[in-house]
Amino acid sequence: MRVLNPKSSGNFFALRIGLLVWISVVLAACSSGTKREHSPQKTVPVTVGSVIQKEVPLQLRAIGTVEPYSVVTIKCQVGGELTRVYFTEGQEVTKGDLLFTIDPRPFEAALKEVEAKLEKDLAQVKQAKANLERDTALAENARVELRRYESLIEKGVVARQQYDKFRTDAEALKATVRADRAAVENAEATVLADKAAAENTKVQLGYCFIRSPIDGRTGSLIVQQGNIVKANDVNLVVINQITPSYVTFSVPEENLPEIMRYMAVAKLKMEATLPNDEKRPAQGILTFMDNAVDTATGSIRLKGTFKNKEKRLWPGQFVNVVLTLTVKPNAIVVPSRAIQAGQEGQYVFVVKPDQTVESRPVVVDRILNDETIVQKGLNPGETVVTDGQIRLRPGVKVEIITSSSTFGKSP
């Protein structure tokens, strides 16, 4: 009978135990792999949007400032006491409304004095013309007498001395007529000077009554009633014409060729919205483009005219400006959130009929806020993923949910 060595028996037992453990691990791994292999693939929750075809306005957006259509600073053109103010601060006035009165009495007195002098000089003109008529008649009579005496002296009927006296008298009357004509011209010139002085005084008197030159709204009253003012010394009030109004804004210089191209075709429409009133944009027309680009900012200044009948635009306000260049028909449009950027360019995830996704490269024309115009890569009616792209890869199955659902939860 053979007796076993205890040491070799222990090694054999350990070898059997190790073999059993290895077989168990392999079987467990195979079982786990089989389970994973047969487990269903999880779906990824996403939100989607549609690819649509529609007319899209090509627009430029900027921040603008409202400016009055015209600004008039009222000053006095004559000095004196400001005796009356006919408006209240912030009042709407129309062209021709009386705003101020400066004490007119000194100018009324001066006008009366000038008018009295004018009447006196007119009388002198009449007197000078009467003298001219009288002396002209006497000169004519002397000329007739001189001719008659010339014929008589040739016949020897009258003395030479008597003929010389008539000739001297006729020459004197001619000189008197010339002097009378000069007197008439001088008197008429004086009258013209008096009339000019009267007109100037009337103008000065008219300056005492200051009227609004435009339709507009008055600002703060700078000089109060009762003050003594000097001609062209201080501003009395500023009037802003806000109906219509201007909206001024700037755009980058790279937009200049595009704007000029569309301006040559038609008038460009504008919209201006207040920050808290975006649902009611004011409508206007682009009416001005500056004649140079600002080299400091690389932008060009534009201005639009708005009727502003409701007076919602107020000078100095900041507004959101939308300048519509043209309307692009049959544009392919997708939600801007669907556009992704990768190493090879921009792309979108398109949801196929079997609820799996494919990555599709696209060529973007331009971005218009929440929408993007796509030149190439998509067709109308397709569905694109707008949120949840971070967990997607081509071929992954998706579950379309509403935007209010929470991402990351397993179905």
# chains A, B, ... in the order shown; residues from 1 in each chain; ligands from 1
call {"tool": "select_by_dssp", "arguments": {"residues": "stretch 160-391 of chain A", "states": "strand (DSSP E)", "output": "ChimeraX atom specification"}}
result
/A:209-211,216-218,228-229,235-252,269-274,277-289,299-306,318-335,340-342,345-351,357-361,363-368,371-376,383-387
call {"tool": "write_last_selection", "arguments": {"atoms": "C-alpha atoms", "output": "CSV table (one decimal), in the first residue's frame"}}
result
chain,number,residue,atom,x,y,z
A,209,PHE,CA,-44.0,140.3,-29.2
A,210,ILE,CA,-42.2,137.0,-29.5
A,211,ARG,CA,-44.1,134.2,-31.3
A,216,GLY,CA,-43.5,122.0,-30.8
A,217,ARG,CA,-43.2,121.6,-27.0
A,218,THR,CA,-41.7,124.1,-24.7
A,228,ILE,CA,-35.0,143.1,-17.7
A,229,VAL,CA,-33.5,141.4,-20.7
A,235,ASN,CA,-32.1,132.2,-23.9
A,236,LEU,CA,-35.7,132.5,-22.9
A,237,VAL,CA,-37.0,129.0,-23.7
A,238,VAL,CA,-36.1,126.0,-26.0
A,239,ILE,CA,-38.8,124.5,-28.2
A,240,ASN,CA,-38.5,120.9,-29.5
A,241,GLN,CA,-40.5,119.8,-32.5
A,242,ILE,CA,-41.2,116.1,-31.8
A,243,THR,CA,-43.9,115.5,-34.4
A,244,PRO,CA,-42.2,114.2,-36.5
A,245,SER,CA,-39.0,113.0,-34.8
A,246,TYR,CA,-35.7,111.6,-35.8
A,247,VAL,CA,-34.1,108.3,-34.6
A,248,THR,CA,-30.3,108.2,-34.9
A,249,PHE,CA,-28.2,105.1,-34.8
A,250,SER,CA,-25.0,103.6,-36.1
A,251,VAL,CA,-24.1,100.3,-37.8
A,252,PRO,CA,-20.7,98.7,-38.6
A,269,LYS,CA,-38.5,100.9,-43.5
A,270,MET,CA,-37.5,101.2,-39.9
A,271,GLU,CA,-39.0,100.2,-36.5
A,272,ALA,CA,-38.2,101.7,-33.2
A,273,THR,CA,-39.4,100.1,-29.9
A,274,LEU,CA,-39.1,101.3,-26.4
A,277,ASP,CA,-43.2,98.7,-25.1
A,278,GLU,CA,-41.9,96.1,-27.6
A,279,LYS,CA,-45.3,95.1,-28.8
A,280,ARG,CA,-46.0,98.5,-30.4
A,281,PRO,CA,-43.1,99.5,-32.6
A,282,ALA,CA,-43.1,103.0,-34.1
A,283,GLN,CA,-42.8,103.0,-37.9
A,284,GLY,CA,-40.4,105.2,-39.8
A,285,ILE,CA,-38.3,105.6,-43.0
A,286,LEU,CA,-34.5,105.8,-43.3
A,287,THR,CA,-33.9,109.4,-44.5
A,288,PHE,CA,-30.2,110.1,-43.8
A,289,MET,CA,-26.8,108.5,-44.1
A,299,SER,CA,-19.3,102.7,-37.9
A,300,ILE,CA,-21.6,105.0,-39.9
A,301,ARG,CA,-24.3,107.2,-38.6
A,302,LEU,CA,-27.9,106.8,-40.0
A,303,LYS,CA,-31.1,108.6,-39.3
A,304,GLY,CA,-34.7,107.7,-39.7
A,305,THR,CA,-37.8,110.0,-39.7
A,306,PHE,CA,-40.9,108.9,-37.7
A,318,PHE,CA,-32.8,105.0,-26.2
A,319,VAL,CA,-34.8,102.7,-28.5
A,320,ASN,CA,-34.2,99.4,-30.2
A,321,VAL,CA,-34.0,100.0,-34.0
A,322,VAL,CA,-34.8,97.5,-36.7
A,323,LEU,CA,-33.8,98.5,-40.2
A,324,THR,CA,-35.4,96.2,-42.9
A,325,LEU,CA,-33.3,96.0,-46.0
A,326,THR,CA,-35.5,93.6,-48.0
A,327,VAL,CA,-37.6,90.5,-47.7
A,328,LYS,CA,-36.1,87.2,-48.8
A,329,PRO,CA,-38.7,84.8,-50.3
A,330,ASN,CA,-38.7,81.0,-49.9
A,331,ALA,CA,-36.0,81.0,-47.2
A,332,ILE,CA,-35.2,77.8,-45.3
A,333,VAL,CA,-35.4,78.7,-41.7
A,334,VAL,CA,-34.6,76.7,-38.5
A,335,PRO,CA,-34.5,77.6,-34.8
A,340,GLN,CA,-24.1,73.4,-33.6
A,341,ALA,CA,-20.5,74.1,-34.3
A,342,GLY,CA,-17.9,71.4,-34.8
A,345,GLY,CA,-18.1,73.4,-39.5
A,346,GLN,CA,-21.7,73.9,-38.5
A,347,TYR,CA,-24.2,71.1,-38.4
A,348,VAL,CA,-27.6,70.0,-37.0
A,349,PHE,CA,-29.1,66.8,-35.7
A,350,VAL,CA,-31.9,65.7,-37.9
A,351,VAL,CA,-34.6,63.4,-36.5
A,357,VAL,CA,-30.8,61.1,-35.4
A,358,GLU,CA,-28.2,61.9,-38.0
A,359,SER,CA,-25.6,64.7,-38.0
A,360,ARG,CA,-26.1,66.9,-41.1
A,361,PRO,CA,-23.6,69.7,-42.1
A,363,VAL,CA,-24.3,76.3,-44.6
A,364,VAL,CA,-25.7,79.2,-42.7
A,365,ASP,CA,-26.8,82.4,-44.5
A,366,ARG,CA,-27.5,84.7,-41.6
A,367,ILE,CA,-28.9,84.6,-38.0
A,368,LEU,CA,-32.0,86.6,-37.2
A,371,GLU,CA,-34.2,82.0,-36.3
A,372,THR,CA,-31.4,81.1,-38.7
A,373,ILE,CA,-31.6,81.1,-42.5
A,374,VAL,CA,-29.9,78.0,-44.0
A,375,GLN,CA,-28.5,78.1,-47.5
A,376,LYS,CA,-27.8,74.4,-47.9
A,383,THR,CA,-37.3,68.0,-37.8
A,384,VAL,CA,-34.2,69.1,-36.1
A,385,VAL,CA,-33.1,68.9,-32.4
A,386,THR,CA,-33.1,72.2,-30.6
A,387,ASP,CA,-32.0,71.0,-27.1
call {"tool": "closest_residue", "arguments": {"among": "A:Ala198, A:Arg148, A:Ala128, A:Leu98", "to": "A:Arg178", "atoms": "only C-alpha atoms"}}
result
A:Ala128
call {"tool": "closest_residue", "arguments": {"among": "A:Glu115, A:Asp97, A:Glu399, A:Asp180", "to": "A:Thr136", "atoms": "only C-alpha atoms"}}
result
A:Asp180
call {"tool": "atom_distance", "arguments": {"atom1": "atom CA of A:Leu173", "atom2": "atom CA of A:Glu145"}}
result
12.6 Å
call {"tool": "closest_residue", "arguments": {"among": "A:Leu58, A:Val71, A:Leu192, A:Ile401", "to": "A:Gly219", "atoms": "only C-alpha atoms"}}
result
A:Val71
call {"tool": "closest_residue", "arguments": {"among": "A:Glu150, A:Thr402, A:Thr176, A:Leu392", "to": "A:Asp164", "atoms": "only C-alpha atoms"}}
result
A:Glu150
call {"tool": "residues_around", "arguments": {"residues": "A:Lys95", "least_positions_apart": "3", "cutoff": "8 Å", "atoms": "only C-alpha atoms", "output": "ChimeraX atom specification"}}
result
/A:211-215
call {"tool": "select_by_dssp", "arguments": {"residues": "stretch 201-262 of chain A", "states": "helix (DSSP H, G or I)", "output": "number ranges by chain"}}
result
A: 201-206, 253-262
